[in-house]
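A quick write-up on the structure given underneath.
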Amino acid sequence: MTATVALPRVAARPAPLLSGYRFELVKLFAQWRIRLLLLACWIAPAGFVAVVSQQNSLPTDTIFGRWMNATGWAGSLVVLSFSCTWALPLLTSLVAGDVFAVEDRLGTWRHLVVAVRSPRRIFVAKALASLSVMLLLVIGLATSSIVGGLAAVGDRPLVGLDGQLLGPADAAANVLLAWACVLAPTLVFAAVGLLGSVALGRSPMGLLMPALLAFLLQIAQLLPLPVAVRLALPSNAFLTWRGLFTEPAQQGPLLIGLAVSVAWALTATTLAYRLFLRRDFTDLGYERSGRRVVVGGVLPLAALVALTVAVLAASTPVNGSGIERTKLQAVLATSFAHLYRLQTDELNRPAVTEAQLRTAASCDKGGDLVTDEGPGNDWRCVVSWHLPGATAVGTAVYQLDVTADGRYVADGDGPKEVNGYFPVRTATGDAPNPLWQFDGLVDLLAGTSKG
Amino acid sequence: MDGTPVAVRARGITKCFGEVVALDGVDFDVTAGQIHGLVGPNGAGKTTLLGLLLGLAVADAGTLEILGAPVGRRLAVSDGVAGFVDGPGLYPSLTARQNLAALAALRGSGGARAADVDDALAQVGLTDVAADRVRGFSLGMRQRLGLAAALLTRPRLLVLDEPANGLDPAGKRHVHGVLTGLADEGTAIVLSSHRMDDLAVLCAEVTILATGRVVFAGPVSKLAAESGELDYRLLTSNPANAQRVAAQTPGLHLVSAAEPGGQRDAEALVVRGAGPALDELVVRLVDAGVAVRELAPVVPPLEAAFLALTDTGIRAGQDDEEDRR
């Protein structure tokens, strides 16, 4: 017969969070895939920006692309724009989307639970570790692209999205702030990656969830959605950093984008956390479950979108697409005035101010049969301005391609000495004509003003 | 009362997964310094019981005491408990030393140091490959590294699931030596295995589970004794005469001349009977001038008892969802 003897103990204390966090980092950095990503993010952007900046053919389809050989700061913004479209969602897929699933594949959950002794701490450590790696990747993209641009082109002023010239210091601050702003939507995709990784176990679908979400949101953003719906999408903050490059900055969409991102990140992380804690770690057969994904992830996030749309619809003054004739006229006239001054400097003409120019624009979309609102490439605008001491009013025509997210590309249509040709003839030779083609941004949230 | 501390005392443990009853009123006792075998067919509930001991799951009913303290209703790994279920759970992209060092760090409390890691690696004979990535390890090496990970925490209760899986004879002998050494130092070891020969060598007591219930618990010797009549393979100098003598021996039955694997051996007989009947057979064969070349159980006694108790023949082939737990 035996006897129970009271031995010291029982329930062991969980492993320190810092130890768990370090262990997760060690595991992540031991993966060749992560090391390759780090290498790519810290080297490739510099090479890309340095090479492209020296080319005659610039990526003018990408915002700020047309200024890549004019300032070193534009290259970083091109990389940022590309990253927001594809790179960041894919990076989150590969890092956060796999951080839980890898334990399923290796069959190490039981080992980890026994070692750490707290599923909560395992979750927190994994989430923090994957976010740390993501942060390192984003910092790499930003640093590398900035270094590449500055080395190849130099620290020169940057033309903003309203034609305003930003000095190097302001450009630097805005570029860094823009990179910081996209951390919020990156967190969203990282959180969705965690959710997919937790909900789908070893299934590769968990890995693909952020990429799949990004793809769906990309499609949605191409549609002429009402402003409230557009702003409620978690990927909107991947675009709203562009508002930093207007004067005044378009803070409304930016702040809403950040708030929506934070709400999504918190919700998705909480859902992943709850799913994780409910998991049965003795069940080796933990496989993907469509029901678990729908009930535990898709439905709550869809409800969040609906709630956000309702709140934004009730609290914002704008209905429809947010792209209206009067707003477009105002931003086009402003941009033209700023860029006219830039052209004046290039051509060594007598200096003028924006106030003296009294620029105005008159826009029409698709002729009389079409309502003058919404995105489209059928906007035609006539810009007029006054020169000091001259009685004649100058006019220039632009074809505008306005996209649903508020960005527009103005393509000069004459007269040729103002905006009809790409180069202008300066005292030192031909130089790019700033009025020929330029990018601009309509504040979707701004109230209608008579212009 | 012998005063030996109890490492595990389970009473009426029940655990269900949905409608599947994995454990049904299980009693389970392990004393300090004992190597206790846990056997059962697939789906018997072994892994679930090991999971409860490791704190991976909580029982739905019953009481469980580990190392003298009751286990509550929350997931919690008891201090002093280590081991693994369904493989040692290693990270292939890390080296052997990195795997152990990470585990040591997770244990915290300043416990294991680099020297402890090296010591654990040395105990299982993996010093030479400490800097190699686990990706290149054989199954046996992984098993040994898993054992090293468990040893690192200096456990008082070691829970192991098929630790000899994939080991060559030398590796198995080495692991057996480590386990018996730990038991000698007072560590209680719960050893789940399908290798009856391993259990017979290592374990003082075994618990046999079948469909979530205990069908036997006690010393291995008692289990072997309970096996009753066994089948024996008989090789003689004159099979025809031997068959005639066997047929006339009281208490003995001729079964067939087929080998367990199905291969027929014309020279061999298979007879079934208890010890006294076999003794009588040998005497009669000698009297008849038939030389006995071999008389050995077709199935070892422990395995025979296991098969009889768990009714494995009936269950064979059944899809066993529960066993994955």
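Numbering starts fresh at 1 for the residues of each chain in the structure tokens, the chains themselves are lettered A, B, ... in the order given, and ligands are numbered from 1 as they appear.
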| task | Please run DSSP on the backbone and report, as an MDAnalysis selection string, all residues within stretch 92-287 of chain A that come out as alpha helix (DSSP H). | result | chainID A and resid 92:95 101:106 109:116 119:152 168:181 183:200 204:222 227:232 251:277
| said: I'd like the contact shell of A:Phe23 - 10 Å cut-off, only C-alpha atoms, skipping same-chain residues fewer than 2 positions apart - returned as a PyMOL selection string. | reply: (chain A and resi 17-21+25-29+125-126+129) or (chain B and resi 98-99+101-103+105-106)
Selected residues written out, C-alpha atoms, as a PDB file, in the first residue's frame:
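Heads up, here's the output in selection_21.pdb:
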ATOM      1  CA  LEU A  17       6.452  36.221 -21.693  1.00  0.00           C
ATOM      2  CA  LEU A  18       9.827  37.573 -22.719  1.00  0.00           C
ATOM      3  CA  SER A  19      11.217  34.043 -23.007  1.00  0.00           C
ATOM      4  CA  GLY A  20       8.255  32.972 -25.115  1.00  0.00           C
ATOM      5  CA  TYR A  21       8.648  36.037 -27.303  1.00  0.00           C
ATOM      6  CA  LEU A  25      11.593  35.155 -32.768  1.00  0.00           C
ATOM      7  CA  VAL A  26      14.267  32.459 -32.850  1.00  0.00           C
ATOM      8  CA  LYS A  27      11.856  30.134 -34.643  1.00  0.00           C
ATOM      9  CA  LEU A  28      10.859  32.804 -37.142  1.00  0.00           C
ATOM     10  CA  PHE A  29      14.407  33.868 -37.920  1.00  0.00           C
ATOM     11  CA  ALA A 125       4.259  35.823 -27.722  1.00  0.00           C
ATOM     12  CA  LYS A 126       3.404  34.640 -31.219  1.00  0.00           C
ATOM     13  CA  ALA A 129       6.913  38.110 -32.545  1.00  0.00           C
TER      14      ALA A 129
ATOM     15  CA  GLN B  98      18.863  25.494 -29.812  1.00  0.00           C
ATOM     16  CA  ASN B  99      15.819  23.310 -29.224  1.00  0.00           C
ATOM     17  CA  ALA B 101      18.183  26.003 -24.933  1.00  0.00           C
ATOM     18  CA  ALA B 102      14.836  27.468 -25.934  1.00  0.00           C
ATOM     19  CA  LEU B 103      13.055  24.986 -23.713  1.00  0.00           C
ATOM     20  CA  ALA B 105      14.650  29.524 -21.323  1.00  0.00           C
ATOM     21  CA  LEU B 106      10.917  28.867 -21.350  1.00  0.00           C
TER      22      LEU B 106
END
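Closest approach to A:Val262 among A:Pro185, A:Pro224, A:Gly201, A:Gly420: A:Pro185, based on only C-alpha atoms.
Listed by chain and then by rising number, the residues of stretch 147-361 of chain A that DSSP assigns to strand (DSSP E or B) from the backbone are A:Leu158, A:Val159, A:Leu165, A:Leu166, A:Glu324, A:Ala360, A:Ala361.
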| message | Report as a PyMOL selection string all protein, DNA and RNA residues lying within 8 Å of stretch 202-217 of chain B, evaluated on only C-alpha atoms, omitting residues in the same chain fewer than 2 positions from it. | response | chain B and resi 21-28+34-41+43-46+176+180+198-200+219-220+223+306+309-310
Can those selected residues be exported to a file as a compact mmCIF listing (two decimals), in the first residue's frame so that it contains C-alpha atoms?
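Done, and the output landed in result_23.txt:
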# COMPACT_ATOMS: atom_id res chain seq x y z
CA VAL B 21 -15.98 8.71 -24.27
CA ALA B 22 -12.19 8.64 -24.27
CA LEU B 23 -11.80 7.71 -20.59
CA ASP B 24 -14.54 6.12 -18.55
CA GLY B 25 -14.02 6.04 -14.78
CA VAL B 26 -10.30 5.32 -14.91
CA ASP B 27 -8.30 4.66 -11.74
CA PHE B 28 -4.56 5.01 -12.15
CA GLN B 34 8.32 3.33 -10.56
CA ILE B 35 8.28 2.79 -14.31
CA HIS B 36 4.65 2.20 -15.06
CA GLY B 37 3.58 0.86 -18.41
CA LEU B 38 0.44 2.10 -20.09
CA VAL B 39 -0.81 -0.08 -22.88
CA GLY B 40 -3.93 -0.53 -24.88
CA PRO B 41 -5.11 -0.88 -28.42
CA GLY B 43 -8.36 4.29 -29.31
CA ALA B 44 -8.13 2.91 -25.80
CA GLY B 45 -7.61 6.37 -24.30
CA LYS B 46 -3.87 6.22 -23.59
CA HIS B 176 16.39 2.02 -21.22
CA THR B 180 16.00 2.98 -15.19
CA ASP B 198 10.12 -3.04 -23.81
CA LEU B 199 7.45 -2.94 -21.17
CA ALA B 200 8.35 -6.39 -19.93
CA PRO B 219 2.52 -6.16 -11.69
CA VAL B 220 3.75 -7.46 -15.01
CA LEU B 223 -0.36 -10.18 -15.99
CA PHE B 306 -2.84 -7.99 -23.68
CA LEU B 309 -7.79 -8.62 -22.23
CA THR B 310 -8.33 -6.01 -24.86
| field | Nearest-residue call for chain A, choices B:Thr48, B:Thr187, B:Thr249, B:Ser138, using only C-alpha atoms | value |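 Smallest distance to chain A is found for B:Thr48.
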| message | So that I can check the surroundings of A:Ala142, please list as a PyMOL selection string every protein, DNA and RNA residue that reaches within 8 Å of it, counting only C-alpha atoms and ignoring chain neighbours fewer than 3 positions away. | response | chain A and resi 76+80+138-139+145-146+176+179
Any chance you can output those residues with N, CA and C atoms as a compact mmCIF listing (two decimals), in the first residue's frame?
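File written: result-v7.txt
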# COMPACT_ATOMS: atom_id res chain seq x y z
N SER A 76 10.85 56.50 -52.63
CA SER A 76 10.33 55.82 -51.45
C SER A 76 8.80 55.77 -51.48
N LEU A 80 6.36 52.72 -51.47
CA LEU A 80 5.26 52.65 -50.49
C LEU A 80 3.94 52.33 -51.18
N VAL A 138 8.85 46.24 -42.70
CA VAL A 138 8.37 47.55 -43.16
C VAL A 138 9.47 48.61 -43.00
N ILE A 139 10.17 48.55 -41.88
CA ILE A 139 11.28 49.50 -41.68
C ILE A 139 12.33 49.28 -42.76
N SER A 145 14.37 52.09 -49.44
CA SER A 145 13.90 52.92 -50.56
C SER A 145 14.37 54.37 -50.39
N ILE A 146 14.39 54.85 -49.17
CA ILE A 146 14.85 56.23 -48.94
C ILE A 146 16.34 56.35 -49.26
N LEU A 176 8.32 59.85 -43.96
CA LEU A 176 8.40 58.98 -42.77
C LEU A 176 7.02 58.81 -42.13
N TRP A 179 4.97 56.33 -44.15
CA TRP A 179 5.33 54.94 -43.83
C TRP A 179 4.76 54.53 -42.47
| Which neighbours of stretch 293-301 of chain B fall inside 6 Å, counting only C-alpha atoms, when residues of the same chain fewer than 4 positions from it are skipped, and could you give them as a PyMOL selection string? | chain B and resi 224+231-236
Please produce an output containing C-alpha atoms for each residue in the selection, written as a CSV table (one decimal), in the first residue's frame.
chain,number,residue,atom,x,y,z
B,224,ALA,CA,1.8,-12.8,-17.5
B,231,ASP,CA,0.1,-21.3,-28.1
B,232,TYR,CA,3.6,-22.8,-28.3
B,233,ARG,CA,5.7,-23.6,-31.4
B,234,LEU,CA,7.2,-27.0,-31.2
B,235,LEU,CA,10.1,-28.2,-33.4
B,236,THR,CA,11.2,-31.8,-33.0
| field | Residues within 8 Å of stretch 389-406 of chain A, only C-alpha atoms, excluding chain neighbours under 3 positions, as a count of residues only | value | 35
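Straight-line separation from atom CA of B:Gly181 to atom CA of B:Leu302: 23.9 Å.
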